[in-house]
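Read through the structure below, which is laid out as structure tokens, and then see the notes.
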Amino acid sequence: MAADGQLRIVEGKALSARQKKDLLNRLARIEGQLRGVQKLIALADAPEDCDAVAQQMSAARKALDRSFVQLLTAALQTQTGDAADLPEARERAAHLAAMLDRFA
């Protein structure tokens with residue numbers, strides 16, 4: 001982590017710097033949503049307040065699911081696009097497909 005609290009984005013073969021930045025921005029928004037959910041729970045007073053909490057939890061869960069899809073899409077584009085040849089691209093795609101099957 002950099003001195004200003006920001007994450008330092010490293011260059012690598014998994015994702016491009018732009019893809020990492022986009023994912024980190026999306027996760028920061030989700031983090032804000034979760035802080036909002038925590039506040040709603042802390043302030044919940046009436047029974048209908050649980051509806052608002054559930055709605056916001058659902059929205060955060062869907063946003064996290066979308067970020068997972070964004071991660072896999074970005075990884076697929078970057079890793080298969082950077083492959084040295086077709087067999088390597090197929091191997092990387094198969095690995096990502098297995099990851100999708102395991103975690104989705």
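Chain identifiers are assigned as A, B, and so on, following the order in which chains appear in the structure tokens; residues are numbered from 1 within each chain, and ligands are numbered from 1 in order of appearance.
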Practice task
Find the spatial neighbours of stretch 16-26 of chain A, counting only C-alpha atoms, within a cut-off of 8 Å - ignore same-chain residues fewer than 4 positions away - and output them as a PyMOL selection string.
Solution key: chain A and resi 9-12+30+67+70-71+74+78
Problem - Among listed residues A:Ala52, A:Val69, A:Ala89, A:His95, nearest A:Lys39 (using only C-alpha atoms) - result: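 Ranked by minimum distance to A:Lys39, first place goes to A:Ala52.
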Practice task
Would you list the contacts of A:Leu40 as a PyMOL selection string, taking every protein, DNA or RNA residue within 8 Å and counting only C-alpha atoms, but skipping same-chain residues closer than 2 positions in sequence?
Solution key: chain A and resi 36-38+42-44+49+52-53
Next, write the just-selected residues to a file, as a PDB file, in the first residue's frame, keeping C-alpha atoms as the atom set.
```pdb
ATOM      1  CA  GLY A  36     -24.244   2.019   4.542  1.00  0.00           C
ATOM      2  CA  VAL A  37     -25.777  -1.363   5.386  1.00  0.00           C
ATOM      3  CA  GLN A  38     -23.915  -1.387   8.691  1.00  0.00           C
ATOM      4  CA  ALA A  42     -27.178   0.115  13.720  1.00  0.00           C
ATOM      5  CA  LEU A  43     -30.031   2.593  13.312  1.00  0.00           C
ATOM      6  CA  ALA A  44     -32.795   0.043  12.674  1.00  0.00           C
ATOM      7  CA  ASP A  49     -36.261  -0.989   8.673  1.00  0.00           C
ATOM      8  CA  ALA A  52     -34.348  -1.431   3.802  1.00  0.00           C
ATOM      9  CA  VAL A  53     -31.453  -3.476   5.185  1.00  0.00           C
TER      10      VAL A  53
END
```
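Proximity of A:Leu96, A:Ala59, A:Ala75, A:Ala28 to A:Leu7, computed with only C-alpha atoms, is greatest for A:Ala28.
Nearest residue to A:Met57 among A:Lys13, A:Leu76, A:Glu91, A:Leu34 is A:Leu34, counting only C-alpha atoms.
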Exercise for the section: Apply DSSP to the backbone of this structure and, from chain A, keep only the residues in alpha helix (DSSP H); write these as a VMD selection string. Expected result: chain A and resid 17 to 43 49 to 81 86 to 103
Practice task
Find the residue from A:Met99, A:Thr73, A:Gln33, A:Arg92 that sits nearest to A:Arg61; use only C-alpha atoms when measuring.
Solution key: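 So, comparing all the options, the nearest one is A:Gln33.
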Exercise for the section: Measure the distance from atom CA of A:Asp51 to atom CA of A:Arg29 in Å and round it to one decimal. Expected result: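 Atom CA of A:Asp51 sits 21.3 Å away from atom CA of A:Arg29.
Atom to atom, atom CA of A:Phe68 and atom CA of A:Arg102 stand 12.4 Å apart.
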Practice task
Just give me the gap between atom CA of A:Asp82 and atom CA of A:Leu100 in Å, one decimal is fine.
Solution key: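 Result for atom CA of A:Asp82 versus atom CA of A:Leu100: 19.9 Å, one decimal.
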